[in-house]
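Peer 1: Contents of run_12.cif (mmCIF, C-alpha atoms) are below:
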data_work
#
loop_
_atom_site.label_atom_id
_atom_site.label_comp_id
_atom_site.auth_asym_id
_atom_site.auth_seq_id
_atom_site.Cartn_x
_atom_site.Cartn_y
_atom_site.Cartn_z
CA MET A 1273 50.67 8.56 57.06
CA THR A 1274 53.54 6.98 55.15
CA GLU A 1275 54.69 8.15 51.72
CA LYS A 1276 53.37 4.96 50.04
CA LYS A 1277 49.92 5.45 51.56
CA LYS A 1278 49.83 9.07 50.35
CA VAL A 1279 50.66 7.96 46.79
CA ALA A 1280 48.01 5.20 46.84
CA LEU A 1281 45.37 7.59 48.17
CA SER A 1282 46.19 10.12 45.43
CA ILE A 1283 45.79 7.46 42.72
CA ILE A 1284 42.39 6.38 44.14
CA ILE A 1285 41.16 10.00 44.20
CA LEU A 1286 42.25 10.53 40.57
CA LEU A 1287 40.46 7.36 39.43
CA LEU A 1288 37.23 8.31 41.22
CA THR A 1289 37.34 11.78 39.65
CA ALA A 1290 37.85 10.32 36.16
CA PHE A 1291 34.82 8.02 36.47
CA CYS A 1292 32.61 10.89 37.61
CA VAL A 1293 33.26 13.03 34.54
CA ILE A 1294 32.90 10.31 31.85
CA PRO A 1295 29.87 11.28 29.65
CA ASP A 1296 26.92 8.90 29.32
CA PHE A 1297 27.02 7.21 25.90
CA SER A 1298 24.83 4.26 26.79
CA VAL A 1299 21.39 5.82 27.36
CA PRO A 1300 19.28 4.57 24.41
CA GLY A 1301 16.31 6.74 25.31
CA ASN A 1302 18.27 10.00 25.27
CA GLN A 1303 16.37 12.32 22.90
CA ALA A 1304 19.47 14.28 21.88
CA PHE A 1305 21.28 11.05 20.99
CA ALA A 1306 18.26 9.80 19.02
CA ALA A 1307 17.96 13.09 17.14
CA GLU A 1308 21.70 12.97 16.29
CA GLN A 1309 21.27 9.44 14.92
CA ALA A 1310 18.30 10.57 12.86
CA ALA A 1311 20.15 13.47 11.31
CA ASP A 1312 21.68 11.14 8.73
CA VAL A 1313 18.28 9.60 7.94
CA PHE A 1314 15.58 12.26 8.15
CA GLY A 1315 16.37 15.80 7.08
CA GLU A 1316 15.70 18.52 4.58
CA ASP A 1317 18.24 17.06 2.13
CA THR A 1318 16.47 13.71 1.99
CA GLY A 1319 12.92 12.64 1.24
CA MET A 1320 12.62 11.18 4.73
CA VAL A 1321 12.29 7.53 3.74
CA LEU A 1322 13.64 5.12 6.35
CA ASP A 1323 13.35 1.57 5.00
CA LYS A 1324 14.44 -0.58 7.96
CA ALA A 1325 12.55 -3.59 6.56
CA ASP A 1326 14.53 -3.39 3.29
CA LEU A 1327 11.44 -3.41 1.07
CA LEU A 1328 12.81 -1.00 -1.54
CA THR A 1329 15.71 -0.91 -3.96
CA ASP A 1330 18.09 2.03 -3.85
CA ASP A 1331 16.55 3.43 -7.03
CA GLU A 1332 13.01 3.14 -5.66
CA GLU A 1333 14.00 4.78 -2.39
CA GLU A 1334 15.66 7.64 -4.26
CA LYS A 1335 12.51 8.27 -6.32
CA LEU A 1336 10.33 8.32 -3.21
CA GLU A 1337 12.71 10.65 -1.40
CA GLN A 1338 12.64 13.06 -4.33
CA GLN A 1339 8.85 13.10 -4.32
CA CYS A 1340 8.79 13.66 -0.54
CA GLY A 1341 11.12 16.61 -0.94
CA GLU A 1342 8.93 18.14 -3.64
CA ILE A 1343 5.83 17.87 -1.43
CA LEU A 1344 7.64 19.45 1.51
CA GLY A 1345 8.93 22.28 -0.66
CA GLN A 1346 5.57 23.05 -2.27
CA TYR A 1347 3.13 22.60 0.61
CA GLY A 1348 5.31 22.91 3.72
CA ILE A 1349 4.17 19.48 4.96
CA SER A 1350 6.66 16.66 5.51
CA VAL A 1351 5.48 13.16 4.62
CA PRO A 1352 8.00 10.73 6.14
CA ILE A 1353 7.83 6.98 5.52
CA ILE A 1354 9.29 4.39 7.89
CA THR A 1355 9.26 0.59 7.66
CA THR A 1356 10.37 -2.03 10.16
CA SER A 1357 10.61 -5.81 10.25
CA ASP A 1358 9.90 -5.83 14.00
CA ILE A 1359 6.62 -6.89 15.55
CA ILE A 1360 4.86 -3.83 16.94
CA THR A 1361 3.06 -4.64 20.16
CA GLY A 1362 -0.01 -2.57 20.86
CA ASP A 1363 -1.34 0.10 18.53
CA ILE A 1364 1.06 1.03 15.74
CA LYS A 1365 -0.23 4.62 15.89
CA GLU A 1366 1.51 5.06 19.25
CA TRP A 1367 4.69 3.61 17.77
CA VAL A 1368 4.47 6.14 14.93
CA ARG A 1369 4.21 8.96 17.46
CA SER A 1370 7.23 7.66 19.37
CA GLN A 1371 9.28 7.49 16.17
CA TYR A 1372 8.21 11.01 15.26
CA GLU A 1373 9.51 12.28 18.59
CA ALA A 1374 12.63 10.10 18.61
CA TYR A 1375 13.75 11.28 15.18
CA ASN A 1376 12.76 14.88 15.94
CA ILE A 1377 10.99 15.15 12.59
CA GLN A 1378 9.35 18.46 13.50
CA SER A 1379 12.79 20.08 13.23
CA THR A 1380 13.14 19.15 9.55
CA GLY A 1381 11.04 22.11 8.40
CA GLY A 1382 7.41 22.57 7.49
CA SER A 1383 4.40 23.39 9.61
CA GLY A 1384 3.18 19.81 9.95
CA SER A 1385 3.75 16.18 9.05
CA LEU A 1386 1.84 13.14 7.89
CA MET A 1387 3.81 10.00 8.76
CA LEU A 1388 3.28 6.53 7.31
CA ALA A 1389 4.68 3.47 9.10
CA VAL A 1390 4.61 -0.17 8.00
CA SER A 1391 5.48 -3.12 10.23
CA MET A 1392 6.20 -6.35 8.35
CA GLY A 1393 6.50 -8.24 11.62
CA SER A 1394 2.93 -7.55 12.70
CA ARG A 1395 1.57 -6.86 9.17
CA THR A 1396 0.17 -3.50 10.25
CA TRP A 1397 0.29 0.05 8.91
CA GLY A 1398 -0.35 3.40 10.53
CA ILE A 1399 -0.83 6.98 9.31
CA VAL A 1400 -0.62 9.80 11.85
CA GLY A 1401 -0.87 13.56 11.35
CA PHE A 1402 1.08 16.18 13.30
CA GLY A 1403 0.75 19.94 13.47
CA THR A 1404 -1.16 21.64 10.67
CA ALA A 1405 -1.34 18.36 8.74
CA GLN A 1406 -4.15 17.30 11.08
CA ASP A 1407 -6.38 19.98 9.57
CA VAL A 1408 -5.95 18.62 6.02
CA PHE A 1409 -5.78 14.91 6.80
CA ASN A 1410 -8.91 14.27 8.79
CA THR A 1411 -10.28 10.81 9.55
CA TYR A 1412 -11.89 10.51 6.11
CA SER A 1413 -8.65 11.47 4.35
CA ARG A 1414 -6.45 9.11 6.39
CA GLU A 1415 -8.80 6.18 5.94
CA ARG A 1416 -9.13 6.82 2.20
CA ILE A 1417 -5.35 6.93 1.78
CA GLY A 1418 -4.80 3.99 4.13
CA SER A 1419 -7.26 1.80 2.25
CA ALA A 1420 -5.41 2.36 -1.05
CA VAL A 1421 -2.03 1.77 0.58
CA ALA A 1422 -3.15 -1.43 2.35
CA GLU A 1423 -4.47 -2.90 -0.90
CA LYS A 1424 -1.06 -2.65 -2.56
CA LEU A 1425 0.78 -3.78 0.56
CA SER A 1426 -1.34 -6.94 0.59
CA ASP A 1427 -0.29 -7.65 -3.01
CA GLY A 1428 3.38 -7.21 -2.10
CA ASN A 1429 3.72 -4.06 -4.24
CA TYR A 1430 5.61 -2.07 -1.63
CA TYR A 1431 7.04 0.60 -3.90
CA LYS A 1432 3.62 1.15 -5.51
CA ALA A 1433 2.06 1.34 -2.04
CA PHE A 1434 4.42 4.13 -0.95
CA ALA A 1435 4.16 5.90 -4.31
CA LYS A 1436 0.37 5.77 -3.97
CA TYR A 1437 0.62 7.23 -0.47
CA LEU A 1438 2.66 10.17 -1.74
CA SER A 1439 0.56 10.83 -4.84
CA MET A 1440 -2.70 10.80 -2.87
CA THR A 1441 -1.13 12.97 -0.17
CA GLU A 1442 -0.22 15.51 -2.83
CA GLU A 1443 -3.74 15.44 -4.29
CA PHE A 1444 -5.31 16.00 -0.86
CA LEU A 1445 -2.95 18.88 -0.15
CA GLU A 1446 -3.72 20.45 -3.51
CA ALA A 1447 -7.46 20.20 -2.90
CA ALA A 1448 -7.07 21.81 0.54
CA GLU A 1449 -4.97 24.61 -0.92
CA GLU A 1450 -7.74 25.31 -3.45
CA GLY A 1451 -10.25 25.57 -0.60
CA LYS A 1452 -11.98 22.27 -1.41
CA PRO A 1453 -10.58 19.71 1.06
CA TYR A 1454 -11.75 16.15 0.65
CA SER A 1455 -14.28 14.90 3.19
CA GLU A 1456 -17.51 12.92 3.40
CA ALA A 1457 -19.25 15.87 1.75
CA ASN A 1458 -16.57 16.22 -0.95
CA GLU A 1459 -15.45 12.67 -1.64
CA TYR A 1460 -12.16 11.86 -3.28
CA LYS A 1461 -12.36 10.29 -6.74
CA GLU A 1462 -9.31 8.85 -8.42
CA SER A 1463 -8.31 10.54 -11.64
CA VAL A 1464 -8.74 8.44 -14.78
CA ASN A 1465 -6.01 8.15 -17.41
CA ILE A 1466 -7.24 9.88 -20.57
CA PHE A 1467 -5.17 7.55 -22.75
CA LEU A 1468 -6.88 4.57 -21.12
CA ILE A 1469 -10.29 6.04 -21.92
CA ILE A 1470 -9.28 6.58 -25.56
CA GLY A 1471 -7.96 3.03 -25.82
CA ILE A 1472 -11.14 1.51 -24.39
CA SER A 1473 -13.31 3.64 -26.69
CA PHE A 1474 -11.31 2.52 -29.71
CA ALA A 1475 -11.58 -1.16 -28.71
CA VAL A 1476 -15.35 -0.93 -28.19
CA SER A 1477 -15.82 0.83 -31.55
CA PHE A 1478 -13.73 -1.81 -33.30
CA VAL A 1479 -15.75 -4.69 -31.83
CA ILE A 1480 -19.08 -3.07 -32.78
CA SER A 1481 -17.86 -2.42 -36.33
CA LEU A 1482 -16.67 -6.01 -36.66
CA ILE A 1483 -20.03 -7.38 -35.53
CA ILE A 1484 -21.87 -5.19 -38.07
CA LEU A 1485 -19.60 -6.38 -40.88
CA LEU A 1486 -20.12 -10.03 -39.96
CA VAL A 1487 -23.91 -9.55 -39.94
CA TRP A 1488 -23.79 -7.93 -43.40
CA LYS A 1489 -21.62 -10.73 -44.73
CA SER A 1490 -23.93 -13.44 -43.45
CA GLY A 1491 -26.89 -11.66 -45.06
CA MET A 1492 -25.23 -11.87 -48.47
CA ASN A 1493 -25.00 -15.68 -48.34
CA THR A 1494 -28.19 -17.14 -49.90
CA ARG A 1495 -27.33 -20.71 -49.05
CA VAL A 1496 -28.80 -21.73 -45.71
CA ARG A 1497 -27.20 -24.58 -43.84
CA GLN A 1498 -29.66 -27.23 -42.60
CA THR A 1499 -29.32 -28.39 -39.03
CA ALA A 1500 -31.25 -31.66 -39.49
CA ALA A 1501 -29.79 -34.60 -41.40
CA GLY A 1502 -33.26 -35.48 -42.82
CA ALA A 1503 -33.17 -32.41 -45.02
CA TYR A 1504 -30.42 -34.03 -47.11
CA LEU A 1505 -32.23 -37.39 -47.67
CA VAL A 1506 -34.09 -38.23 -50.84
CA GLU A 1507 -37.76 -38.71 -50.04
CA ASP A 1508 -38.76 -42.37 -49.33
CA SER A 1509 -35.13 -43.54 -49.70
CA PHE A 1510 -34.68 -44.44 -46.01
CA ARG A 1511 -36.88 -46.58 -43.74
CA LEU A 1512 -36.18 -47.19 -40.05
CA THR A 1513 -37.27 -50.70 -39.00
CA GLY A 1514 -36.20 -50.62 -35.37
CA SER A 1515 -34.53 -48.48 -32.67
CA SER A 1516 -33.10 -48.97 -29.17
CA ASP A 1517 -31.19 -46.99 -26.49
CA LEU A 1518 -27.85 -48.49 -25.42
CA PHE A 1519 -26.27 -47.26 -22.14
CA LEU A 1520 -22.48 -47.13 -22.58
CA TYR A 1521 -20.98 -45.43 -19.50
CA ARG A 1522 -21.58 -42.94 -16.75
CA GLN A 1523 -19.38 -40.05 -15.67
CA VAL A 1524 -19.94 -38.25 -12.35
CA ASN A 1525 -18.01 -35.14 -11.30
CA ARG A 1526 -17.94 -34.20 -7.62
CA THR A 1527 -16.65 -30.89 -6.22
CA ARG A 1528 -15.82 -30.49 -2.55
CA ARG A 1529 -17.76 -27.66 -0.95
CA ASN A 1530 -15.70 -25.46 1.34
CA ARG A 1531 -17.10 -24.90 4.80
CA ASP A 1532 -17.09 -21.40 6.17
CA ASN A 1533 -15.92 -21.82 9.77
CA GLY A 1534 -15.34 -18.16 10.37
CA HIS A 1535 -11.57 -18.18 9.77
CA HIS A 1536 -10.27 -16.25 6.83
CA GLY A 1537 -6.61 -16.16 5.84
CA GLY A 1538 -4.69 -13.87 3.56
CA GLY A 1539 -6.31 -10.96 1.82
CA GLY A 1540 -5.70 -7.36 2.71
CA GLY A 1541 -7.02 -4.33 4.42
CA GLY A 1542 -8.26 -5.44 7.82
CA GLY A 1543 -10.64 -3.20 9.76
CA MET A 1544 -9.27 0.29 10.31
CA HIS A 1545 -9.07 2.08 13.65
CA SER A 1546 -8.92 5.87 13.92
CA ASP A 1547 -8.48 8.38 16.70
CA HIS A 1548 -8.16 12.19 16.72
CA SER A 1549 -5.02 12.27 14.55
CA GLY A 1550 -4.19 8.77 13.36
CA THR A 1551 -5.50 5.72 11.52
CA SER A 1552 -4.18 2.15 11.51
CA GLY A 1553 -5.03 -1.23 10.01
CA ARG A 1554 -3.74 -4.61 8.87
CA PHE A 1555 -2.72 -5.92 5.47
#
What would you get if you wrote out this structure as structure tokens?
Peer 2:
Amino acid sequence: MTEKKKVALSIIILLLTAFCVIPDFSVPGNQAFAAEQAADVFGEDTGMVLDKADLLTDDEEEKLEQQCGEILGQYGISVPIITTSDIITGDIKEWVRSQYEAYNIQSTGGSGSLMLAVSMGSRTWGIVGFGTAQDVFNTYSRERIGSAVAEKLSDGNYYKAFAKYLSMTEEFLEAAEEGKPYSEANEYKESVNIFLIIGISFAVSFVISLIILLVWKSGMNTRVRQTAAGAYLVEDSFRLTGSSDLFLYRQVNRTRRNRDNGHHGGGGGGGMHSDHSGTSGRF
């Protein structure tokens, strides 16, 4: 073998060796790579809010993250929120489970998780429980929370929808901690603002008092207004010699009656679907 051939063969061997040891950076399904990506999004230092659909302002997202962190710290349950503008094919509950695994949320601390996902592309939402969160958030709990969230999503109040999700989650966790978890036997009832009750009571009292005063005032007036013009005529001062009815014009109003053909658009809160650990629906 000539010297040139030996050199060429050595170069080829070096190139083949280099290609064999290059690490794989292009595998999108690699769990370690996905978890590394998620480290900057979901973690103990954040409230675990991933707004891919850009529904929230920075200030709103910060408030939600703070509330998520407080729930995790107090109850040991993480409550991540994820949104996407993509169309989710199939059941969004399965997509939630795949995101939970891809972002390795179970490593962020806590004994369980309740994850809310919203897809703007398919107008669907899903709530899925993991770990010990499944014991607290049974089918009744998930459907009760999901119904309230879907109502606000349908109105376009995205921040209020997520804030409602977190506040109800906290109430359900508190009830479970006190040994009285919400269920069909112990139904959840929304707390009423005491200031609202006081305001309504004051308004009702004011209206009743005003009516009483008006009745008293009318009773003090001795002059009674007559509704018939004849009461103001001097007796035998007017004689009617003839009368006739004259038709001047006719006005007809027509209103188109909508036909119910079985198609309904808009609105919120489509039928919910639940399995052993998750609930989903449309908005």
Peer 1: Restricting the calculation to only C-alpha atoms, which member of A:Tyr1412, A:Tyr1372, A:Phe1444, A:Phe1402 is positioned closest to Tyr1347 of chain A?
Peer 2: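 Of A:Tyr1412, A:Tyr1372, A:Phe1444, A:Phe1402, the one nearest Tyr1347 of chain A, counting only C-alpha atoms, is A:Phe1444.
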Peer 1: Find the spatial neighbours of Ser1413 of chain A, counting all atoms listed in the file, within a cut-off of 9 Å - ignore same-chain residues fewer than 4 positions away - and output them as an MDAnalysis selection string.
Peer 2: chainID A and resid 1408:1409 1417:1418 1441 1444 1454:1455 1460
Peer 1: Once the PyMOL selection byres ((chain A and resi 1390-1395) around 12) has been evaluated on this model, what residues remain selected, and can you format them as a VMD selection string?
Peer 2: chain A and resid 1321 to 1327 1352 to 1365 1367 to 1368 1387 to 1389 1396 to 1400 1418 1421 to 1422 1425 to 1426 1428 1430 1433 to 1434 1437 1538 to 1542 1552 to 1555
Peer 1: Residues picked by the PyMOL selection byres ((chain A and resi 1377-1383) around 9) here, as a compact mmCIF listing (two decimals) with C-alpha atoms, in the frame of the given file?
Peer 2:
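Contents of part28.txt, freshly written:
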# COMPACT_ATOMS: atom_id res chain seq x y z
CA ALA A 1307 17.96 13.09 17.14
CA ALA A 1310 18.30 10.57 12.86
CA PHE A 1314 15.58 12.26 8.15
CA GLY A 1315 16.37 15.80 7.08
CA GLU A 1316 15.70 18.52 4.58
CA MET A 1320 12.62 11.18 4.73
CA LEU A 1344 7.64 19.45 1.51
CA GLY A 1345 8.93 22.28 -0.66
CA TYR A 1347 3.13 22.60 0.61
CA GLY A 1348 5.31 22.91 3.72
CA ILE A 1349 4.17 19.48 4.96
CA SER A 1350 6.66 16.66 5.51
CA PRO A 1352 8.00 10.73 6.14
CA GLN A 1371 9.28 7.49 16.17
CA TYR A 1372 8.21 11.01 15.26
CA GLU A 1373 9.51 12.28 18.59
CA ALA A 1374 12.63 10.10 18.61
CA TYR A 1375 13.75 11.28 15.18
CA ASN A 1376 12.76 14.88 15.94
CA GLY A 1384 3.18 19.81 9.95
CA SER A 1385 3.75 16.18 9.05
CA PHE A 1402 1.08 16.18 13.30
CA GLY A 1403 0.75 19.94 13.47
CA THR A 1404 -1.16 21.64 10.67
CA ALA A 1405 -1.34 18.36 8.74
Peer 1: Using atom CA of Glu1459 of chain A and atom CA of Arg1416 of chain A as the two end points, give the distance in Å to one decimal.
Peer 2: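 For atom CA of Glu1459 of chain A relative to atom CA of Arg1416 of chain A, the distance reads 9.4 Å.
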Peer 1: Point out the residue among A:Ser1419, A:Thr1411, A:Gln1346, A:Ser1516 with the least atom-to-atom distance to Glu1449 of chain A, counting all atoms listed in the file.
Peer 2: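 With all atoms listed in the file as the atom set, the closest residue is A:Gln1346.
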Peer 1: Provide segment 1439-1465 of chain A rebuilt to N, CA, C and O atoms, formatted as a compact mmCIF listing (two decimals), keeping the file's coordinate frame.
Peer 2:
# COMPACT_ATOMS: atom_id res chain seq x y z
N SER A 1439 1.37 10.18 -3.81
CA SER A 1439 0.56 10.83 -4.84
C SER A 1439 -0.79 11.27 -4.29
O SER A 1439 -1.27 12.37 -4.59
N MET A 1440 -1.42 10.42 -3.46
CA MET A 1440 -2.70 10.80 -2.87
C MET A 1440 -2.51 11.93 -1.86
O MET A 1440 -3.35 12.85 -1.78
N THR A 1441 -1.42 11.88 -1.11
CA THR A 1441 -1.13 12.97 -0.17
C THR A 1441 -1.04 14.30 -0.90
O THR A 1441 -1.59 15.32 -0.46
N GLU A 1442 -0.37 14.28 -2.04
CA GLU A 1442 -0.22 15.51 -2.83
C GLU A 1442 -1.56 15.99 -3.36
O GLU A 1442 -1.85 17.19 -3.36
N GLU A 1443 -2.42 15.05 -3.78
CA GLU A 1443 -3.74 15.44 -4.29
C GLU A 1443 -4.59 16.04 -3.17
O GLU A 1443 -5.32 17.02 -3.40
N PHE A 1444 -4.53 15.48 -1.98
CA PHE A 1444 -5.31 16.00 -0.86
C PHE A 1444 -4.81 17.39 -0.44
O PHE A 1444 -5.61 18.26 -0.10
N LEU A 1445 -3.50 17.58 -0.48
CA LEU A 1445 -2.95 18.88 -0.15
C LEU A 1445 -3.34 19.93 -1.19
O LEU A 1445 -3.65 21.08 -0.84
N GLU A 1446 -3.33 19.54 -2.44
CA GLU A 1446 -3.72 20.45 -3.51
C GLU A 1446 -5.17 20.87 -3.38
O GLU A 1446 -5.52 22.05 -3.55
N ALA A 1447 -6.04 19.88 -3.07
CA ALA A 1447 -7.46 20.20 -2.90
C ALA A 1447 -7.67 21.15 -1.72
O ALA A 1447 -8.49 22.08 -1.79
N ALA A 1448 -6.93 20.93 -0.63
CA ALA A 1448 -7.07 21.81 0.54
C ALA A 1448 -6.57 23.21 0.23
O ALA A 1448 -7.16 24.20 0.68
N GLU A 1449 -5.51 23.30 -0.55
CA GLU A 1449 -4.97 24.61 -0.92
C GLU A 1449 -5.95 25.40 -1.78
O GLU A 1449 -6.02 26.62 -1.72
N GLU A 1450 -6.74 24.68 -2.59
CA GLU A 1450 -7.74 25.31 -3.45
C GLU A 1450 -9.03 25.63 -2.70
O GLU A 1450 -9.99 26.13 -3.29
N GLY A 1451 -9.07 25.29 -1.41
CA GLY A 1451 -10.25 25.57 -0.60
C GLY A 1451 -11.34 24.53 -0.71
O GLY A 1451 -12.48 24.77 -0.30
N LYS A 1452 -11.00 23.35 -1.26
CA LYS A 1452 -11.98 22.27 -1.41
C LYS A 1452 -11.42 20.97 -0.84
O LYS A 1452 -11.18 20.01 -1.56
N PRO A 1453 -11.17 20.93 0.47
CA PRO A 1453 -10.58 19.71 1.06
C PRO A 1453 -11.52 18.52 0.94
O PRO A 1453 -12.74 18.68 0.98
N TYR A 1454 -10.94 17.36 0.78
CA TYR A 1454 -11.75 16.15 0.65
C TYR A 1454 -12.33 15.74 2.01
O TYR A 1454 -11.66 15.83 3.04
N SER A 1455 -13.58 15.32 1.97
CA SER A 1455 -14.28 14.90 3.19
C SER A 1455 -15.46 14.05 2.76
O SER A 1455 -15.63 13.73 1.58
N GLU A 1456 -16.30 13.68 3.74
CA GLU A 1456 -17.51 12.92 3.40
C GLU A 1456 -18.41 13.71 2.46
O GLU A 1456 -19.09 13.13 1.60
N ALA A 1457 -18.41 15.03 2.61
CA ALA A 1457 -19.25 15.87 1.75
C ALA A 1457 -18.61 16.11 0.38
O ALA A 1457 -19.32 16.35 -0.60
N ASN A 1458 -17.30 16.04 0.31
CA ASN A 1458 -16.57 16.22 -0.95
C ASN A 1458 -15.64 15.03 -1.13
O ASN A 1458 -14.45 15.10 -0.86
N GLU A 1459 -16.19 13.93 -1.59
CA GLU A 1459 -15.45 12.67 -1.64
C GLU A 1459 -14.36 12.68 -2.70
O GLU A 1459 -14.50 13.31 -3.75
N TYR A 1460 -13.29 11.97 -2.36
CA TYR A 1460 -12.16 11.86 -3.28
C TYR A 1460 -12.46 10.84 -4.37
O TYR A 1460 -12.95 9.75 -4.09
N LYS A 1461 -12.20 11.20 -5.60
CA LYS A 1461 -12.36 10.29 -6.74
C LYS A 1461 -11.05 10.24 -7.50
O LYS A 1461 -10.47 11.28 -7.83
N GLU A 1462 -10.59 9.02 -7.73
CA GLU A 1462 -9.31 8.85 -8.42
C GLU A 1462 -9.40 9.36 -9.85
O GLU A 1462 -10.40 9.15 -10.54
N SER A 1463 -8.36 10.04 -10.27
CA SER A 1463 -8.31 10.54 -11.64
C SER A 1463 -8.14 9.38 -12.61
O SER A 1463 -7.45 8.41 -12.32
N VAL A 1464 -8.79 9.50 -13.77
CA VAL A 1464 -8.74 8.44 -14.78
C VAL A 1464 -7.78 8.85 -15.89
O VAL A 1464 -7.78 10.00 -16.34
N ASN A 1465 -6.98 7.90 -16.33
CA ASN A 1465 -6.01 8.15 -17.41
C ASN A 1465 -6.75 8.38 -18.72
O ASN A 1465 -7.50 7.52 -19.19
